[in-house]
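Asks: My structure is in final_22.txt, and what it holds is compact mmCIF, C-alpha atoms and all ligand atoms:
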```
# COMPACT_ATOMS: atom_id res chain seq x y z
CA MET C 680 -1.89 -178.38 62.19
CA ILE C 681 -3.57 -175.91 59.85
CA GLU C 682 -2.64 -176.22 56.21
CA ASN C 683 -0.20 -173.53 55.02
CA SER C 684 0.32 -172.34 58.54
CA ALA C 685 3.20 -172.60 60.97
CA ASP C 686 2.63 -174.74 64.04
CA VAL C 687 1.72 -172.78 67.15
CA VAL C 688 3.31 -173.66 70.48
CA TRP C 689 1.23 -172.28 73.35
CA HIS C 690 2.81 -171.17 76.62
CA TRP C 691 0.20 -170.28 79.25
CA VAL C 692 2.55 -168.36 81.52
CA ASP C 693 -0.22 -167.27 83.89
CA GLU C 694 -3.38 -169.13 84.78
CA PHE C 695 -6.31 -168.88 82.33
CA SER C 696 -9.65 -170.73 82.50
CA ASP C 697 -10.61 -173.06 79.63
CA LEU C 698 -13.17 -170.48 78.50
CA GLU C 699 -10.51 -167.74 78.44
CA LYS C 700 -8.08 -170.00 76.58
CA GLY C 701 -10.80 -170.72 74.02
CA LYS C 702 -11.38 -167.00 73.46
CA LEU C 703 -7.68 -166.20 73.16
CA LYS C 704 -7.22 -169.04 70.65
CA ALA C 705 -10.27 -167.83 68.68
CA TRP C 706 -8.45 -164.49 68.42
CA LEU C 707 -4.86 -165.53 67.73
CA ILE C 708 -5.30 -168.57 65.47
CA PRO C 709 -7.29 -166.70 62.75
CA THR C 710 -4.95 -163.70 63.16
CA LEU C 711 -1.90 -165.90 62.56
CA GLU C 712 -3.63 -167.47 59.55
CA ALA C 713 -4.44 -164.03 58.11
CA THR C 714 -0.85 -162.89 58.71
CA GLN C 715 0.48 -165.88 56.78
CA LYS C 716 -2.13 -165.49 54.05
CA THR C 717 -0.85 -161.91 53.67
CA LEU C 718 2.90 -162.40 54.15
CA GLY C 719 3.52 -166.09 53.42
CA THR C 720 3.90 -169.18 55.59
CA PHE C 721 6.43 -168.81 58.39
CA PRO C 722 9.19 -171.40 57.96
CA PHE C 723 9.32 -172.01 61.73
CA ASP C 724 7.03 -172.76 64.68
CA VAL C 725 5.52 -169.71 66.33
CA HIS C 726 5.65 -169.69 70.15
CA LEU C 727 2.87 -167.69 71.81
CA HIS C 728 3.39 -166.79 75.48
CA MET C 729 0.25 -165.65 77.26
CA HIS C 730 0.48 -163.36 80.27
CA ARG C 731 -2.45 -162.07 82.28
CA LYS C 732 -3.00 -158.35 82.89
CA GLU C 733 -6.06 -157.65 85.02
CA LYS C 734 -8.08 -154.40 84.82
CA ALA C 735 -6.28 -153.10 81.73
CA LYS C 736 -7.57 -150.12 79.73
CA GLU C 737 -7.42 -152.17 76.51
CA PRO C 738 -7.48 -155.89 75.64
CA VAL C 739 -3.73 -156.07 74.85
CA PRO C 740 -1.89 -153.38 76.83
CA TRP C 741 1.53 -154.82 75.99
CA ALA C 742 3.16 -157.32 73.64
CA ASN C 743 6.62 -157.93 72.22
CA THR C 744 8.56 -160.43 70.12
CA TRP C 745 11.47 -162.58 71.28
CA ARG C 746 13.65 -164.20 68.62
CA TYR C 747 15.71 -166.56 70.76
CA PRO C 748 15.64 -169.52 71.22
CA HIS C 749 12.39 -169.50 69.20
CA GLN C 750 10.38 -167.02 67.13
CA SER C 751 8.06 -165.98 69.97
CA ILE C 752 5.47 -163.38 70.85
CA HIS C 753 4.63 -162.45 74.44
CA PHE C 754 1.07 -161.15 74.81
CA HIS C 755 -0.05 -159.43 78.01
CA VAL C 756 -3.84 -159.56 77.87
CA ASP C 757 -6.93 -158.77 79.89
CA PRO C 758 -9.18 -161.76 79.13
CA SER C 759 -12.29 -159.97 80.42
CA TYR C 760 -12.56 -158.14 77.06
CA LYS C 761 -14.86 -159.59 74.39
CA LEU C 762 -13.47 -161.59 71.44
CA GLU C 763 -14.52 -158.78 69.10
CA ALA C 764 -12.37 -156.27 71.00
CA PHE C 765 -9.35 -158.57 70.60
CA LEU C 766 -10.02 -159.06 66.87
CA ASN C 767 -10.28 -155.30 66.28
CA ASP C 768 -7.02 -154.57 68.11
CA TRP C 769 -3.93 -153.95 65.94
CA THR C 770 -1.37 -155.45 68.34
CA ALA C 771 -1.44 -159.10 67.19
CA PRO C 772 -1.28 -158.30 63.43
CA HIS C 773 1.61 -155.94 64.26
CA GLU C 774 3.62 -158.40 66.37
CA MET C 775 3.01 -161.31 63.99
CA SER C 776 4.15 -159.17 61.04
CA HIS C 777 7.46 -158.56 62.85
CA LEU C 778 8.23 -162.29 62.53
CA ALA C 779 8.31 -162.00 58.73
CA LEU C 780 11.70 -160.25 59.08
CA PRO C 781 14.68 -161.30 61.21
CA HIS C 782 15.69 -159.16 64.21
CA LEU C 783 17.32 -156.13 62.57
CA GLY C 784 19.10 -154.56 65.55
CA GLU C 785 18.68 -151.24 67.36
CA ASP C 786 20.03 -149.10 64.51
CA HIS C 787 17.38 -150.37 62.14
CA ALA C 788 14.49 -150.42 64.63
CA TRP C 789 12.72 -147.80 62.48
CA PHE C 790 12.72 -150.25 59.56
CA ALA C 791 11.32 -153.09 61.72
CA GLU C 792 8.61 -150.91 63.30
CA GLY C 793 7.76 -149.24 59.99
CA PHE C 794 7.36 -152.68 58.41
CA ALA C 795 5.10 -153.99 61.18
CA SER C 796 3.03 -150.78 61.22
CA PHE C 797 2.56 -150.93 57.45
CA MET C 798 1.73 -154.66 57.50
CA GLN C 799 -0.67 -154.61 60.46
CA ALA C 800 -3.15 -152.75 58.24
CA GLN C 801 -2.62 -155.23 55.37
CA VAL C 802 -3.28 -158.17 57.73
CA MET C 803 -6.41 -156.47 59.10
CA ARG C 804 -7.58 -156.08 55.52
CA THR C 805 -7.12 -159.83 54.99
CA MET C 806 -9.14 -160.38 58.19
CA GLY C 807 -11.97 -158.30 56.72
CA ILE C 808 -11.65 -155.60 59.40
CA TYR C 809 -10.44 -152.94 56.94
CA THR C 810 -11.36 -152.29 53.30
CA ASP C 811 -8.73 -151.18 50.75
CA GLU C 812 -9.99 -147.64 51.26
CA ASP C 813 -9.63 -147.94 55.07
CA VAL C 814 -6.02 -149.09 54.67
CA LYS C 815 -5.10 -146.15 52.47
CA ASN C 816 -6.88 -143.70 54.78
CA LYS C 817 -5.09 -145.20 57.77
CA TYR C 818 -1.66 -144.68 56.15
CA VAL C 819 -2.41 -141.15 55.02
CA SER C 820 -3.97 -140.04 58.31
CA LYS C 821 -1.25 -141.56 60.53
CA VAL C 822 1.58 -140.01 58.50
CA THR C 823 -0.20 -136.66 58.12
CA LYS C 824 -0.72 -136.51 61.89
CA ALA C 825 3.02 -137.18 62.44
CA MET C 826 4.06 -134.66 59.77
CA PRO C 827 4.91 -131.80 62.18
CA LEU C 828 7.62 -134.04 63.68
CA LEU C 829 8.73 -135.47 60.32
CA ASP C 830 9.03 -132.09 58.59
CA SER C 831 12.79 -131.92 59.08
CA PRO C 832 15.94 -131.44 56.97
CA SER C 833 17.62 -134.38 58.79
CA PRO C 834 17.78 -137.76 57.03
CA PRO C 835 14.92 -140.05 58.13
CA ALA C 836 17.09 -142.82 59.63
CA GLU C 837 18.77 -140.24 61.89
CA LEU C 838 15.55 -138.38 62.73
CA PHE C 839 13.63 -141.60 63.51
CA ARG C 840 16.31 -142.66 66.04
CA GLU C 841 15.94 -139.26 67.70
CA LEU C 842 12.12 -139.50 67.75
CA ARG C 843 12.40 -142.91 69.39
CA LYS C 844 14.72 -141.51 72.09
CA GLN C 845 12.15 -138.79 72.74
CA HIS C 846 9.37 -141.43 72.99
CA GLU C 847 7.56 -139.93 70.00
CA TYR C 848 6.38 -143.41 69.03
CA PRO C 849 3.61 -142.70 66.48
CA ALA C 850 5.96 -140.45 64.45
CA PHE C 851 8.76 -143.04 64.79
CA TYR C 852 6.49 -145.94 63.67
CA TRP C 853 4.62 -144.16 60.87
CA GLY C 854 7.69 -142.28 59.67
CA GLY C 855 9.29 -145.70 59.17
CA ALA C 856 6.13 -147.00 57.48
CA THR C 857 6.56 -144.42 54.69
CA TYR C 858 9.48 -146.50 53.31
CA PHE C 859 7.06 -149.38 52.79
CA MET C 860 4.26 -147.15 51.46
CA ARG C 861 6.68 -145.90 48.84
CA LEU C 862 7.84 -149.40 47.87
CA HIS C 863 4.27 -150.73 47.82
CA GLU C 864 3.11 -148.03 45.39
CA MET C 865 6.16 -148.55 43.19
CA LEU C 866 5.46 -152.31 42.95
CA LYS C 867 1.79 -151.70 42.17
CA GLU C 868 2.78 -149.34 39.39
CA LYS C 869 4.86 -152.18 37.92
CA GLY C 870 1.82 -154.46 37.88
CA SER C 871 2.39 -156.40 41.12
CA SER C 872 -0.30 -156.51 43.80
CA GLY C 873 2.24 -154.80 46.07
CA LEU C 874 4.64 -155.36 48.91
CA PRO C 875 2.87 -158.32 50.60
CA GLU C 876 3.35 -160.32 47.38
CA LEU C 877 7.11 -159.64 47.48
CA VAL C 878 7.26 -160.63 51.16
CA GLN C 879 5.46 -163.90 50.35
CA ARG C 880 8.15 -164.76 47.82
CA TYR C 881 10.88 -163.71 50.26
CA MET C 882 9.34 -165.89 52.99
CA GLU C 883 9.46 -168.91 50.72
CA CYS C 884 13.02 -168.54 49.41
CA CYS C 885 14.95 -166.43 51.83
CA ARG C 886 13.49 -165.68 55.25
CA LYS C 887 15.28 -168.57 56.91
CA GLY C 888 18.70 -167.55 55.56
CA SER C 889 18.25 -163.84 56.39
CA ARG C 890 20.23 -162.65 59.39
CA ARG C 891 20.32 -158.88 59.00
CA LEU C 892 18.86 -155.93 57.11
CA SER C 893 21.41 -156.14 54.29
CA ASP C 894 20.24 -159.74 53.64
CA VAL C 895 16.60 -158.63 53.48
CA LEU C 896 17.28 -155.77 51.05
CA ALA C 897 19.52 -157.96 48.86
CA SER C 898 16.86 -160.73 48.72
CA TRP C 899 14.08 -158.29 47.86
CA ASP C 900 16.13 -156.63 45.12
CA ARG C 901 17.16 -160.02 43.73
CA LEU C 902 13.52 -161.17 43.63
CA LEU C 903 12.55 -157.95 41.85
CA ASP C 904 15.60 -157.96 39.59
CA SER C 905 16.07 -154.35 40.64
CA THR C 906 18.03 -152.09 42.97
CA ALA C 907 14.98 -150.16 44.18
CA CYS C 908 14.83 -151.47 47.75
CA GLN C 909 18.44 -150.53 48.43
CA SER C 910 18.12 -147.19 46.56
CA ILE C 911 15.06 -146.08 48.53
CA PHE C 912 16.82 -147.23 51.70
CA ASN C 913 19.78 -145.00 50.75
CA GLU C 914 17.41 -142.05 50.39
CA TYR C 915 16.28 -142.73 53.96
CA SER C 916 19.90 -142.42 55.10
CA GLU C 917 20.82 -139.38 53.03
CA GLN C 918 17.94 -137.16 51.93
CA PRO C 919 15.91 -134.70 54.03
CA CYS C 920 13.09 -136.45 55.86
CA ARG C 921 10.51 -133.88 54.75
CA ASN C 922 11.25 -134.72 51.08
CA VAL C 923 11.07 -138.53 51.29
CA VAL C 924 8.01 -138.56 53.53
CA SER C 925 6.15 -136.09 51.29
CA LYS C 926 6.98 -138.32 48.32
CA ALA C 927 5.57 -141.43 50.01
CA LEU C 928 2.44 -139.52 50.97
CA ALA C 929 1.97 -138.15 47.45
CA ASP C 930 2.43 -141.66 45.96
CA THR C 931 -0.19 -143.13 48.32
CA TYR C 932 -2.88 -140.51 47.60
ZN ZN C 1001 6.62 -153.37 66.81
```
Can the structure in the file be given as structure tokens, please?

Replies:
Amino acid sequence: MIENSADVVWHWVDEFSDLEKGKLKAWLIPTLEATQKTLGTFPFDVHLHMHRKEKAKEPVPWANTWRYPHQSIHFHVDPSYKLEAFLNDWTAPHEMSHLALPHLGEDHAWFAEGFASFMQAQVMRTMGIYTDEDVKNKYVSKVTKAMPLLDSPSPPAELFRELRKQHEYPAFYWGGATYFMRLHEMLKEKGSSGLPELVQRYMECCRKGSRRLSDVLASWDRLLDSTACQSIFNEYSEQPCRNVVSKALADTY
């Protein structure tokens, strides 16, 4: 067991050689450590299920999390790619970040995906793949690129559900990420190092007792002695998307 790290339970669903297993471990173990260094130690074992996908166009063409009966991630990988290609891929930091929050349900999928999209860049910064400047540029460029689809009078929560139905995934993911960009900048202005620090505290006190989104927002606000997390969330249910997204973008610049 690694200190300050959840135990990993490996499930080799398909056959992998010892060499391939070594490479996949050399990718996922440091990624899980960086995720926990960024977001706090997971208060549960993490089950990693490894599936083989031959002749893929990228090292990790597909991955998803399962929350029952364990906190699990299923990775579909092409082990012919080099270790470096795996380490530079955003999928594992994204999926591992999902585990920091409970399953939030279909209605709040934008919040879950926005969180993981925001945090994948923070984890990759911890891994030394991105600089602070890279992270900021990533947020600004992803949201700016999605802006034509986000420039709407509809409230974000409603618009994001629609974008998801239309398979407009980058706009759905990065539109959701603007909630966390906004919160991150607000926390930094108050002297904190930002959202990852809040999530670390949440992981320690409250992750295990959290069942739904209302629990997460209540814990965060309690830790901050504030109502900001719920208030910004309300804006995402009520105000025009173009206004809230522009605000997040302006705060991040
Ligand atoms: Zn995701």

Asks: Give the residues close to ligand ZN 1001 (chain C), within 12 Å, counting only C-alpha atoms and all ligand atoms; write them as a PyMOL selection string.

Replies: chain C and resi 741-745+752+769-780+782-783+788-799+848-849+851-853+855-856

Asks: Write out as a tab-separated table a residue-level contact list of region 846-928 of chain C versus region 804-822 of chain C with cut-off 8 Å: for each qualifying residue the closest pair of atoms and the distance in Å to one decimal, counting all atoms listed in the file, rows sorted by chain and residue number upward.

Replies:
```
residue	atom	partner	partner_atom	distance
C:Pro849	CA	C:Lys821	CA	7.8
C:Ala850	CA	C:Val822	CA	7.4
C:Trp853	CA	C:Val822	CA	5.7
C:Gly854	CA	C:Val822	CA	6.6
C:Thr857	CA	C:Val822	CA	7.7
C:Met860	CA	C:Tyr818	CA	7.9
C:Leu928	CA	C:Val819	CA	6.5
```

Asks: Could you list, as a CSV table (one decimal) with C-alpha atoms, keeping the file's coordinate frame, every residue within 10 Å of region 897-911 of chain C, counting only C-alpha atoms and ignoring same-chain residues fewer than 5 positions away?

Replies:
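File produced: selection03.csv:
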```csv
chain,number,residue,atom,x,y,z
C,858,TYR,CA,9.5,-146.5,53.3
C,859,PHE,CA,7.1,-149.4,52.8
C,861,ARG,CA,6.7,-145.9,48.8
C,862,LEU,CA,7.8,-149.4,47.9
C,865,MET,CA,6.2,-148.6,43.2
C,866,LEU,CA,5.5,-152.3,43.0
C,874,LEU,CA,4.6,-155.4,48.9
C,877,LEU,CA,7.1,-159.6,47.5
C,878,VAL,CA,7.3,-160.6,51.2
C,880,ARG,CA,8.2,-164.8,47.8
C,881,TYR,CA,10.9,-163.7,50.3
C,884,CYS,CA,13.0,-168.5,49.4
C,885,CYS,CA,15.0,-166.4,51.8
C,886,ARG,CA,13.5,-165.7,55.2
C,888,GLY,CA,18.7,-167.6,55.6
C,889,SER,CA,18.2,-163.8,56.4
C,892,LEU,CA,18.9,-155.9,57.1
C,916,SER,CA,19.9,-142.4,55.1
C,917,GLU,CA,20.8,-139.4,53.0
C,918,GLN,CA,17.9,-137.2,51.9
C,923,VAL,CA,11.1,-138.5,51.3
```

Asks: What is the distance between CA of Trp706 (chain C) and CA of Ala764 (chain C), in Å to one decimal?

Replies: 9.5 Å

Asks: Have a look at C:Thr720, C:Thr931, C:Ser833, C:Ser759 and name the one nearest to Lys736 (chain C); count all atoms listed in the file.

Replies: C:Ser759

Asks: Would you compute the distance between CA of Asp686 (chain C) and CA of Pro722 (chain C)? Give it in Å to one decimal.

Replies: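 Atom-to-atom, CA of Asp686 (chain C) and CA of Pro722 (chain C) are spaced 9.5 Å apart.
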
Asks: Name the residues in contact with Arg731 (chain C) at a cut-off of 7 Å, using all atoms listed in the file, excluding same-chain residues fewer than 6 positions from it; report them as a PDB file with C-alpha atoms, in the frame of the given file.

Replies:
```pdb
ATOM      1  CA  ASP C 693      -0.220-167.270  83.890  1.00  0.00           C
ATOM      2  CA  HIS C 755      -0.050-159.430  78.010  1.00  0.00           C
ATOM      3  CA  VAL C 756      -3.840-159.560  77.870  1.00  0.00           C
ATOM      4  CA  ASP C 757      -6.930-158.770  79.890  1.00  0.00           C
TER       5      ASP C 757
END
```

Asks: Enumerate, as a list in words, the protein, DNA and RNA residues whose atoms approach (5.9, -136.5, 59.2) to within 7 Å, taking into account all atoms listed in the file and the coordinate frame of the file.

Replies: Val822, Thr823, Ala825, Met826, Pro827, Leu828, Leu829, Asp830, Ala850, Gly854, Arg921 and Val924 of chain C

Asks: Quick one, how far is CA of Leu698 (chain C) from CA of Met729 (chain C)?

Replies: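 Computing it gives 14.3 Å between the two atoms.
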